[in-house]
Amino acid sequence: MNQDWTPPAPIPPKSGPGDWLRSLKTFRSQIEGLPERIFTQPAWRPPIPGTPFFVMAPELIEQVLLTQADSFTHGDLLPRMMRPAWGKGMFLAEGEAWRAQRQAAAPAFRAREIETLVHRFVAATEKMLERWLKQDGAEVERHGEMQRLTFEIIVDVLLSGGEGFDSDMMRRDVAGLFAEVNHIRASYILMPDSWHASRPPIRSEYRVRIMSHIRSLIRTRRSSPERGDLIDLLLKATDPQTGEALSDELLADNLLGFVVAGFMTTAVALTWTLWLATSHAPTRERLGRELAEVLGDQPLTAQSLGGLTFAGQVIKESLRLYPPAHTIARVSRDEAELGGYRIRPGQRIIVPIYAVHRHAAQWTSPHGFDPARFSPDQQVPQRFAFMPFGGGPRICIGLAFAMTEITSVPATLLRAIVIRIANGTEIWPQAGVVLYPRNGIRVRISAKI
Ligand code: HEM
């Protein structure tokens with residue numbers, strides 16, 4: 001494998017008469033069939049009434065997500081689809097209800113709190129490693145394994161290790177809930193708001209079971225001594241403006257929401273990063289050298305993580321090429337103007353993060369894998385040109401959690417084992433709720449001698 005590598009992904013051909021036929025592919029996967037102009041123009045309005053408006057230029061994205069964020073809200077479609085997973089939690093809340101939850105929960109997700117979790121990320125990874133090494137040389141499906149690992153980590157950290165409930169059953173219930181959320185009902189799109197306002201909420205058996213576990217966990221933790229973990233911080237969380245604590249109901253909605261938002265996204269980020277890091281020989285070798293020099297045979301700590309500069313570059317390049325959250329959607333509440341286009345109230349706006357990260361105006365060789373773009377001697381990308389965690393007031397609250405986890409896990413794995421990809425020719429990104437490898441990624445592993 002040479003230095004220049006363009007990893008597999010849908011790359012649009014020059015625009016032409018075939019665009020319309022190709023655009024049908026977006027029904028299968030939102031990143032397939034996007035026309036070339038989305039990768040080259042600042043904004044684009046498809047010439048079909050009712051279709052969304054695409055925004056790609058960083059200064060226009062800034063307008064939507066930051067400077068005029070109050071005018072570009074989630075609209076109705078997302079809550080209709082996601083309510084079973086999120087209830088009244090922060091992800092779907094708007095206005096004052098959102099602000100109060102966001103500000104109350106923010107201290108629990110600060111970088112300095114997350115640093116204290118490194119040993120738990122490492123311990124969970126070592127446990128998985130032990131299991132893998134028992135099957136030395138056997139094939140492992142890495143994406144499935146990463147989902148299991150990230151689920152275990154988030155349950156360990158956010159739900160007190162799942163005390164009092166069966167973590168495997170919880171994982172099955174969360175997967176069932178996810179499948180329900182993914183099931184797009186025609187009524188979400190076709191029925192008017194008045195119909196949705198008067199209909200009872202969708203009752204998910206999975207959600208009922210999960211919430212009953214989480215509520216009982218909250219009751220137990222409220223009456224037991226503090227342990228100084230993340231859940232203690234969330235139990236103590238108060239709105240800094242009003243001093244009010246989060247109700248148990250809102251806390252439960254948010255805990256489930258953090259699990260849902262946090263485990264699939266980090267699982268795919270880990271899968272893509274490990275695949276890129278092990279498939280590109282120069283990267284693999286340089287990473288190996290960095291891990292040996294910075295960590296030696298010492299345990300991984302928050303401090304040593306900070307010394308893994310090249311690993312950080314590889315992770316950013318992975319998040320650029322395969323952003324787990326590939327699209328952000330908003331709806332314009334008011335009349336607006338974006339890049340010279342008139343936007344009417346109710347217009348759907350799409351920020352196609354996948355295409356923004358591969359935009360010709362922002363990146364040289366946009367589809368090529370090159371961790372050097374993020375090296376400390378390079379200019380940092382323009383704000384909103386690189387945005388795997390979104391931006392503005394609704395930027396991902398789990399950013400520090402996710403970045404610490406997706407650095408700790410590969411560092412722990414790559415210093416201990418050699419990974420070989422078993423299905424390199426089948427790798428292809430597919431857009432679902434997150435951007436995942438369509439055929440999985442199968443690997444063979446062996447211990448480093
Ligand atoms: C690599 C991993 C992750 C990625 C790529 C990611 C990406 C994102 C993005 C792009 C948004 C903004 C959505 C929008 O503006 O519509 C977001 C929001 C959010 N994320 Fe993450 N996320 C990750 C991990 C996590 C984790 C670990 C947690 C919790 C533990 C989490 C919790 C949330 C929450 C609660 C929001 C909503 C924030 C709000 O509306 O104020 N995420 N995430």
# chains A, B, ... in the order shown; residues from 1 in each chain; ligands from 1
>>> closest_atom_pairs(of="range 310-386 of chain A", to="range 433-446 of chain A", cutoff="7 Å", atoms="only C-alpha atoms", output="Markdown table")
| residue | atom | partner | partner_atom | distance |
| --- | --- | --- | --- | --- |
| A:Tyr322 | CA | A:Leu435 | CA | 6.8 |
| A:Pro323 | CA | A:Leu435 | CA | 6.7 |
| A:Pro324 | CA | A:Leu435 | CA | 4.8 |
| A:Ala325 | CA | A:Val434 | CA | 5.4 |
| A:His326 | CA | A:Leu435 | CA | 6.3 |
>>> write_last_selection(atoms="N, CA and C atoms", output="compact mmCIF listing (two decimals), in the first residue's frame")
# COMPACT_ATOMS: atom_id res chain seq x y z
N TYR A 322 -15.26 9.47 7.69
CA TYR A 322 -16.43 8.64 8.04
C TYR A 322 -17.11 9.22 9.29
N PRO A 323 -17.72 10.40 9.15
CA PRO A 323 -18.34 11.00 10.34
C PRO A 323 -19.52 10.16 10.83
N PRO A 324 -19.49 9.66 12.07
CA PRO A 324 -20.58 8.79 12.54
C PRO A 324 -21.94 9.46 12.38
N ALA A 325 -22.03 10.75 12.78
CA ALA A 325 -23.28 11.50 12.56
C ALA A 325 -23.09 12.21 11.22
N HIS A 326 -23.61 11.59 10.14
CA HIS A 326 -23.25 12.06 8.79
C HIS A 326 -24.08 13.25 8.31
>>> residues_near_ligand(ligand="ligand 1", cutoff="7 Å", atoms="only C-alpha atoms and all ligand atoms", output="PyMOL selection string")
chain A and resi 90-92+98+102+257-259+261-263+265-266+269+323-325+328-329+388-391+393-399+401-403
>>> write_last_selection(atoms="C-alpha atoms", output="JSON list (two decimals), in the first residue's frame")
[["chain", "number", "residue", "atom", "x", "y", "z"],
["A", 90, "MET", "CA", -32.40, 17.24, 26.05],
["A", 91, "PHE", "CA", -31.86, 15.94, 22.49],
["A", 92, "LEU", "CA", -35.37, 16.89, 21.36],
["A", 98, "TRP", "CA", -33.57, 22.49, 26.52],
["A", 102, "ARG", "CA", -28.26, 21.28, 28.97],
["A", 257, "GLY", "CA", -30.79, 9.31, 25.76],
["A", 258, "PHE", "CA", -27.06, 9.44, 26.58],
["A", 259, "VAL", "CA", -26.82, 5.67, 26.21],
["A", 261, "ALA", "CA", -26.64, 8.80, 21.54],
["A", 262, "GLY", "CA", -23.35, 7.60, 22.94],
["A", 263, "PHE", "CA", -22.83, 3.96, 22.15],
["A", 265, "THR", "CA", -21.71, 6.72, 17.49],
["A", 266, "THR", "CA", -18.56, 5.79, 19.41],
["A", 269, "ALA", "CA", -15.97, 5.85, 15.21],
["A", 323, "PRO", "CA", -18.34, 11.00, 10.34],
["A", 324, "PRO", "CA", -20.58, 8.79, 12.54],
["A", 325, "ALA", "CA", -23.28, 11.50, 12.56],
["A", 328, "ILE", "CA", -27.64, 17.33, 10.67],
["A", 329, "ALA", "CA", -31.19, 18.46, 9.90],
["A", 388, "PRO", "CA", -18.07, 15.66, 13.50],
["A", 389, "PHE", "CA", -19.75, 16.74, 16.75],
["A", 390, "GLY", "CA", -21.93, 19.47, 15.23],
["A", 391, "GLY", "CA", -21.54, 23.06, 16.42],
["A", 393, "PRO", "CA", -25.20, 25.73, 21.30],
["A", 394, "ARG", "CA", -26.33, 22.19, 20.46],
["A", 395, "ILE", "CA", -22.83, 20.83, 19.88],
["A", 396, "CYS", "CA", -22.53, 17.25, 21.18],
["A", 397, "ILE", "CA", -22.50, 17.28, 24.99],
["A", 398, "GLY", "CA", -20.59, 13.97, 24.90],
["A", 399, "LEU", "CA", -17.64, 15.34, 22.85],
["A", 401, "PHE", "CA", -16.41, 11.58, 26.61],
["A", 402, "ALA", "CA", -16.33, 10.32, 23.01],
["A", 403, "MET", "CA", -12.85, 11.67, 22.17]]
>>> residues_around(residues="Pro107 in chain A", least_positions_apart="2", cutoff="10 Å", atoms="only C-alpha atoms", output="ChimeraX atom specification")
/A:102-105,109-113,230,233-234,237-238,397
>>> write_last_selection(atoms="C-alpha atoms", output="PDB file, in the first residue's frame")
ATOM      1  CA  ARG A 102     -28.262  21.282  28.966  1.00  0.00           C
ATOM      2  CA  GLN A 103     -26.835  23.635  31.591  1.00  0.00           C
ATOM      3  CA  ALA A 104     -27.658  21.284  34.441  1.00  0.00           C
ATOM      4  CA  ALA A 105     -25.975  18.278  32.774  1.00  0.00           C
ATOM      5  CA  PHE A 109     -19.424  16.086  30.803  1.00  0.00           C
ATOM      6  CA  ARG A 110     -16.522  18.531  31.333  1.00  0.00           C
ATOM      7  CA  ALA A 111     -13.116  17.327  30.141  1.00  0.00           C
ATOM      8  CA  ARG A 112     -11.735  17.161  33.690  1.00  0.00           C
ATOM      9  CA  GLU A 113     -14.538  14.836  34.831  1.00  0.00           C
ATOM     10  CA  LEU A 230     -20.784  10.676  36.589  1.00  0.00           C
ATOM     11  CA  LEU A 233     -22.883  14.563  39.182  1.00  0.00           C
ATOM     12  CA  LEU A 234     -26.070  14.098  37.179  1.00  0.00           C
ATOM     13  CA  ALA A 237     -27.289  18.577  38.542  1.00  0.00           C
ATOM     14  CA  THR A 238     -29.127  21.876  38.930  1.00  0.00           C
ATOM     15  CA  ILE A 397     -22.503  17.281  24.986  1.00  0.00           C
TER      16      ILE A 397
END
>>> closest_residue(among="A:Gln68, A:Asn423, A:Ser223, A:Ser212", to="Asp253 in chain A", atoms="only C-alpha atoms")
A:Ser212
>>> select_by_dssp(residues="range 167-414 of chain A", states="strand (DSSP E or B)", output="number ranges by chain")
A: 238, 245, 328-332, 336-338, 341-343, 348-351
>>> atom_distance(atom1="CA of Lys448 in chain A", atom2="CA of Val418 in chain A")
5.9 Å
>>> atom_distance(atom1="CA of Gly432 in chain A", atom2="CA of Glu152 in chain A")
22.0 Å
>>> residues_around(residues="Val294 in chain A", least_positions_apart="3", cutoff="10 Å", atoms="only C-alpha atoms", output="NGL selection string")
:A and (289-291 or 297-298 or 300 or 304-309)
>>> residues_around(residues="range 372-375 of chain A", least_positions_apart="4", cutoff="10 Å", atoms="only C-alpha atoms", output="MDAnalysis selection string")
chainID A and resid 309:310 312:317 363:364 379:381
>>> atom_distance(atom1="CA of Leu255 in chain A", atom2="CA of Gln430 in chain A")
27.6 Å
>>> closest_residue(among="A:Arg358, A:His213, A:Arg120, A:Lys236", to="Ala252 in chain A", atoms="only C-alpha atoms")
A:His213
>>> residues_around(residues="Arg222 in chain A", least_positions_apart="4", cutoff="10 Å", atoms="only C-alpha atoms", output="number ranges by chain")
A: 216-218, 226, 232, 235-236, 248
>>> write_last_selection(atoms="N, CA and C atoms", output="short mmCIF file (atom, residue, chain, number, x, y, z; two decimals), in the first residue's frame")
data_model
loop_
_atom_site.label_atom_id
_atom_site.label_comp_id
_atom_site.auth_asym_id
_atom_site.auth_seq_id
_atom_site.Cartn_x
_atom_site.Cartn_y
_atom_site.Cartn_z
N SER A 216 -35.49 2.68 38.85
CA SER A 216 -35.14 2.03 40.13
C SER A 216 -33.66 2.30 40.46
N LEU A 217 -32.81 2.40 39.44
CA LEU A 217 -31.40 2.76 39.69
C LEU A 217 -31.32 4.16 40.31
N ILE A 218 -32.11 5.10 39.80
CA ILE A 218 -32.07 6.47 40.33
C ILE A 218 -32.52 6.46 41.80
N GLU A 226 -22.61 8.92 48.22
CA GLU A 226 -22.04 9.38 46.93
C GLU A 226 -20.77 8.60 46.60
N ASP A 232 -23.47 10.50 40.00
CA ASP A 232 -23.61 11.41 41.14
C ASP A 232 -23.72 12.84 40.66
N LEU A 235 -27.09 13.37 39.28
CA LEU A 235 -28.12 13.41 40.33
C LEU A 235 -28.13 14.77 41.04
N LYS A 236 -26.94 15.36 41.12
CA LYS A 236 -26.83 16.65 41.80
C LYS A 236 -27.10 17.83 40.86
N ASP A 248 -36.60 13.37 38.55
CA ASP A 248 -36.19 11.98 38.27
C ASP A 248 -36.63 11.57 36.88
#
>>> residues_around(residues="range 22-35 of chain A", least_positions_apart="2", cutoff="9 Å", atoms="only C-alpha atoms", output="list in words")
Ala9, Pro10, Ile11, Pro12, Pro13, Lys14, Ser15, Gly18, Asp19, Trp20, Arg37, Ile38, Phe39, His326, Thr327, Pro352, Tyr354, Ala355, Pro429, Gln430, Ala431, Gly432 and Leu435 of chain A
>>> write_last_selection(atoms="N, CA and C atoms", output="mmCIF file, in the first residue's frame")
data_model
loop_
_atom_site.group_PDB
_atom_site.id
_atom_site.type_symbol
_atom_site.label_atom_id
_atom_site.label_comp_id
_atom_site.auth_asym_id
_atom_site.auth_seq_id
_atom_site.Cartn_x
_atom_site.Cartn_y
_atom_site.Cartn_z
ATOM 1 N N ALA A 9 -15.475 4.695 -0.598
ATOM 2 C CA ALA A 9 -16.623 5.520 -0.183
ATOM 3 C C ALA A 9 -17.286 6.033 -1.458
ATOM 4 N N PRO A 10 -18.577 6.385 -1.404
ATOM 5 C CA PRO A 10 -19.205 6.954 -2.595
ATOM 6 C C PRO A 10 -18.611 8.326 -2.917
ATOM 7 N N ILE A 11 -18.020 8.445 -4.091
ATOM 8 C CA ILE A 11 -17.431 9.710 -4.535
ATOM 9 C C ILE A 11 -18.207 10.099 -5.789
ATOM 10 N N PRO A 12 -18.843 11.272 -5.803
ATOM 11 C CA PRO A 12 -19.745 11.567 -6.930
ATOM 12 C C PRO A 12 -18.982 11.801 -8.226
ATOM 13 N N PRO A 13 -19.471 11.250 -9.359
ATOM 14 C CA PRO A 13 -18.863 11.574 -10.646
ATOM 15 C C PRO A 13 -19.262 12.993 -11.046
ATOM 16 N N LYS A 14 -18.633 13.552 -12.084
ATOM 17 C CA LYS A 14 -18.983 14.901 -12.568
ATOM 18 C C LYS A 14 -20.476 14.978 -12.818
ATOM 19 N N SER A 15 -21.096 16.114 -12.473
ATOM 20 C CA SER A 15 -22.543 16.265 -12.673
ATOM 21 C C SER A 15 -22.896 16.086 -14.145
ATOM 22 N N GLY A 18 -27.050 11.849 -15.814
ATOM 23 C CA GLY A 18 -27.328 10.664 -14.981
ATOM 24 C C GLY A 18 -27.629 10.994 -13.519
ATOM 25 N N ASP A 19 -27.504 12.310 -13.136
ATOM 26 C CA ASP A 19 -27.662 12.695 -11.728
ATOM 27 C C ASP A 19 -28.990 12.225 -11.138
ATOM 28 N N TRP A 20 -30.069 12.351 -11.922
ATOM 29 C CA TRP A 20 -31.399 12.042 -11.392
ATOM 30 C C TRP A 20 -31.532 10.577 -11.027
ATOM 31 N N ARG A 37 -22.358 18.659 -7.059
ATOM 32 C CA ARG A 37 -22.442 20.064 -6.618
ATOM 33 C C ARG A 37 -22.486 20.179 -5.085
ATOM 34 N N ILE A 38 -22.940 19.129 -4.408
ATOM 35 C CA ILE A 38 -22.957 19.194 -2.934
ATOM 36 C C ILE A 38 -21.526 19.173 -2.387
ATOM 37 N N PHE A 39 -20.602 18.660 -3.200
ATOM 38 C CA PHE A 39 -19.200 18.591 -2.766
ATOM 39 C C PHE A 39 -18.392 19.779 -3.301
ATOM 40 N N HIS A 326 -23.613 11.591 10.142
ATOM 41 C CA HIS A 326 -23.253 12.059 8.791
ATOM 42 C C HIS A 326 -24.077 13.246 8.313
ATOM 43 N N THR A 327 -25.200 13.531 9.003
ATOM 44 C CA THR A 327 -26.112 14.585 8.543
ATOM 45 C C THR A 327 -26.725 15.287 9.753
ATOM 46 N N PRO A 352 -24.997 18.343 5.231
ATOM 47 C CA PRO A 352 -24.502 16.981 4.960
ATOM 48 C C PRO A 352 -23.053 16.836 5.415
ATOM 49 N N TYR A 354 -21.026 14.573 5.928
ATOM 50 C CA TYR A 354 -20.176 13.706 5.089
ATOM 51 C C TYR A 354 -19.591 14.510 3.916
ATOM 52 N N ALA A 355 -20.442 15.306 3.248
ATOM 53 C CA ALA A 355 -19.978 16.076 2.078
ATOM 54 C C ALA A 355 -19.193 17.318 2.503
ATOM 55 N N PRO A 429 -19.099 2.281 3.320
ATOM 56 C CA PRO A 429 -19.911 2.982 4.330
ATOM 57 C C PRO A 429 -21.383 3.059 3.941
ATOM 58 N N GLN A 430 -22.233 2.842 4.905
ATOM 59 C CA GLN A 430 -23.682 2.900 4.679
ATOM 60 C C GLN A 430 -24.277 3.861 5.708
ATOM 61 N N ALA A 431 -25.113 4.781 5.220
ATOM 62 C CA ALA A 431 -25.727 5.736 6.148
ATOM 63 C C ALA A 431 -27.042 5.203 6.680
ATOM 64 N N GLY A 432 -27.085 4.933 7.986
ATOM 65 C CA GLY A 432 -28.345 4.654 8.680
ATOM 66 C C GLY A 432 -28.491 5.787 9.683
ATOM 67 N N LEU A 435 -23.191 6.338 10.435
ATOM 68 C CA LEU A 435 -22.489 5.840 9.235
ATOM 69 C C LEU A 435 -21.722 4.575 9.613
#
>>> select_by_dssp(residues="range 220-375 of chain A", states="helix (DSSP H, G or I)", output="ChimeraX atom specification")
/A:220-222,230-236,248-279,281-295,302-306,309-321,353-356,371-374
